[in-house]
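Next up, query.cif (mmCIF, C-alpha atoms):
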data_my_file
loop_
_atom_site.group_PDB
_atom_site.id
_atom_site.type_symbol
_atom_site.label_atom_id
_atom_site.label_comp_id
_atom_site.auth_asym_id
_atom_site.auth_seq_id
_atom_site.Cartn_x
_atom_site.Cartn_y
_atom_site.Cartn_z
ATOM 1 C CA MET R 1 -25.486 216.244 28.387
ATOM 2 C CA GLU R 2 -23.784 217.142 31.664
ATOM 3 C CA ASN R 3 -25.536 214.235 33.400
ATOM 4 C CA LEU R 4 -24.244 211.783 30.775
ATOM 5 C CA LEU R 5 -20.735 213.158 31.085
ATOM 6 C CA ASN R 6 -20.834 212.816 34.864
ATOM 7 C CA GLN R 7 -22.018 209.210 34.521
ATOM 8 C CA PHE R 8 -19.131 208.512 32.143
ATOM 9 C CA LYS R 9 -16.612 210.098 34.508
ATOM 10 C CA ALA R 10 -17.905 207.873 37.329
ATOM 11 C CA LEU R 11 -17.064 204.690 35.388
ATOM 12 C CA SER R 12 -13.849 202.789 35.981
ATOM 13 C CA ASN R 13 -11.229 203.021 33.222
ATOM 14 C CA GLU R 14 -12.115 199.491 32.125
ATOM 15 C CA GLU R 15 -15.805 200.429 31.918
ATOM 16 C CA LYS R 16 -14.931 203.572 29.954
ATOM 17 C CA VAL R 17 -12.994 201.505 27.403
ATOM 18 C CA THR R 18 -15.858 199.020 27.115
ATOM 19 C CA PHE R 19 -18.302 201.887 26.638
ATOM 20 C CA MET R 20 -16.158 203.489 23.941
ATOM 21 C CA LYS R 21 -15.883 200.185 22.079
ATOM 22 C CA GLU R 22 -19.673 200.014 22.040
ATOM 23 C CA ALA R 23 -20.149 203.692 21.132
ATOM 24 C CA MET R 24 -17.572 204.002 18.326
ATOM 25 C CA PRO R 25 -19.589 202.080 15.687
ATOM 26 C CA HIS R 26 -22.485 204.471 16.318
ATOM 27 C CA MET R 27 -20.155 207.449 15.855
ATOM 28 C CA ALA R 28 -18.936 205.920 12.608
ATOM 29 C CA GLU R 29 -22.524 205.812 11.335
ATOM 30 C CA ILE R 30 -23.025 209.488 12.225
ATOM 31 C CA VAL R 31 -19.769 210.418 10.456
ATOM 32 C CA LYS R 32 -20.854 208.462 7.355
ATOM 33 C CA SER R 33 -24.240 210.189 7.285
ATOM 34 C CA GLU R 34 -22.856 213.729 7.643
ATOM 35 C CA PRO R 35 -19.150 213.631 6.733
ATOM 36 C CA GLN R 36 -18.612 217.364 6.180
ATOM 37 C CA LYS R 37 -20.341 218.400 9.389
ATOM 38 C CA MET R 38 -18.542 215.748 11.386
ATOM 39 C CA MET R 39 -15.162 216.681 9.892
ATOM 40 C CA SER R 40 -15.617 220.310 10.850
ATOM 41 C CA GLU R 41 -16.874 219.506 14.356
ATOM 42 C CA MET R 42 -14.796 216.452 15.264
ATOM 43 C CA MET R 43 -11.477 217.020 13.504
ATOM 44 C CA PRO R 44 -10.227 219.686 15.962
ATOM 45 C CA VAL R 45 -11.089 217.375 18.876
ATOM 46 C CA CYS R 46 -9.376 214.397 17.233
ATOM 47 C CA MET R 47 -6.277 216.405 16.332
ATOM 48 C CA LYS R 48 -5.931 217.699 19.903
ATOM 49 C CA MET R 49 -6.297 214.193 21.290
ATOM 50 C CA MET R 50 -3.757 212.802 18.819
ATOM 51 C CA SER R 51 -1.181 215.459 19.645
ATOM 52 C CA GLU R 52 -1.599 214.784 23.377
ATOM 53 C CA MET R 53 -1.253 211.026 22.864
ATOM 54 C CA MET R 54 1.658 211.118 20.407
ATOM 55 C CA PRO R 55 4.449 210.713 23.011
ATOM 56 C CA PHE R 56 2.671 207.717 24.552
ATOM 57 C CA CYS R 57 2.061 206.127 21.144
ATOM 58 C CA MET R 58 5.655 206.664 20.083
ATOM 59 C CA ASN R 59 6.964 205.020 23.278
ATOM 60 C CA MET R 60 4.611 202.099 22.857
ATOM 61 C CA MET R 61 5.663 201.561 19.246
ATOM 62 C CA LYS R 62 9.333 201.860 20.190
ATOM 63 C CA SER R 63 8.904 199.197 22.866
ATOM 64 C CA LYS R 64 7.422 196.922 20.190
ATOM 65 C CA GLY R 65 10.522 197.389 18.005
ATOM 66 C CA MET R 66 8.920 199.568 15.323
ATOM 67 C CA ASP R 67 10.969 201.930 13.154
ATOM 68 C CA MET R 68 10.575 205.236 14.981
ATOM 69 C CA GLU R 69 11.519 207.475 12.062
ATOM 70 C CA LYS R 70 8.934 205.827 9.845
ATOM 71 C CA MET R 71 6.278 206.030 12.570
ATOM 72 C CA HIS R 72 7.086 209.680 13.336
ATOM 73 C CA SER R 73 6.783 210.547 9.656
ATOM 74 C CA MET R 74 3.474 208.708 9.417
ATOM 75 C CA MET R 75 2.076 210.495 12.479
ATOM 76 C CA LYS R 76 3.145 213.886 11.119
ATOM 77 C CA ASN R 77 1.463 213.106 7.804
ATOM 78 C CA MET R 78 -1.734 212.114 9.575
ATOM 79 C CA MET R 79 -1.710 215.417 11.447
ATOM 80 C CA GLY R 80 -1.003 217.431 8.309
ATOM 81 C CA GLN R 81 2.415 218.634 9.447
ATOM 82 C CA PRO R 82 5.277 219.005 6.959
#
Represent the structure contained in this file as C-alpha cells.
Amino acid sequence: MENLLNQFKALSNEEKVTFMKEAMPHMAEIVKSEPQKMMSEMMPVCMKMMSEMMPFCMNMMKSKGMDMEKMHSMMKNMMGQP
C-alpha cells in the first residue's frame, strides 16, 4: 500500500486528478457492494475532507454568484450540523 501511495504522490496534480476520475467509478462499485462497511470506514475520511475544503468551495461558489446563505445551509446539512 505504501508503494502505491508513493507512486500517487509522485504524480503531477493533473495526473492525480486524471487518476481519481478513473478510480472513482471503481470506488462507487465497492460502496454499492458493501454500503454499511464503506459508510463506517469512509464517512470519517469524507467528512474531514469536506470540512477542510469548505472555505475553498464557498469562495468558488461566491465567485460564481451563488447564494451564499443557501449554500452554507446546504453544506451544513450535508455534514449533519444543525
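One finds atom CA of R:Met78 at 21.3 Å from atom CA of R:Glu34.
Between R:Pro55 and the residues R:His72, R:Met38, R:Leu4, R:Ala28, the shortest atom-to-atom distance, using all atoms listed in the file, involves R:His72.
For the pair atom CA of R:Met54 and atom CA of R:Met71, the interatomic distance is 10.4 Å.
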Worksheet item: Of the candidates R:Met60, R:Phe8, R:Met27, R:Asp67, which shows the shortest atom-to-atom distance to R:Met42, using only C-alpha atoms?
Response: R:Met27
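In terms of minimum interatomic distance to R:Met47, R:Lys76 ranks closest within R:Lys76, R:Leu11, R:Lys16, R:Leu5, counting all atoms listed in the file.
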Response to the item:
As a check of understanding: the span from atom CA of R:Ser33 to atom CA of R:Lys48 is 23.5 Å
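With all atoms listed in the file taken into account, every residue lying no more than 12 Å from the file point (2.8, 202.7, 18.7) is included here: Met53, Met54, Pro55, Phe56, Cys57, Met58, Asn59, Met60, Met61, Lys62, Ser63, Lys64, Gly65, Met66, Asp67, Met68, Glu69, Lys70, Met71, His72, Met74 and Met75 of chain R.
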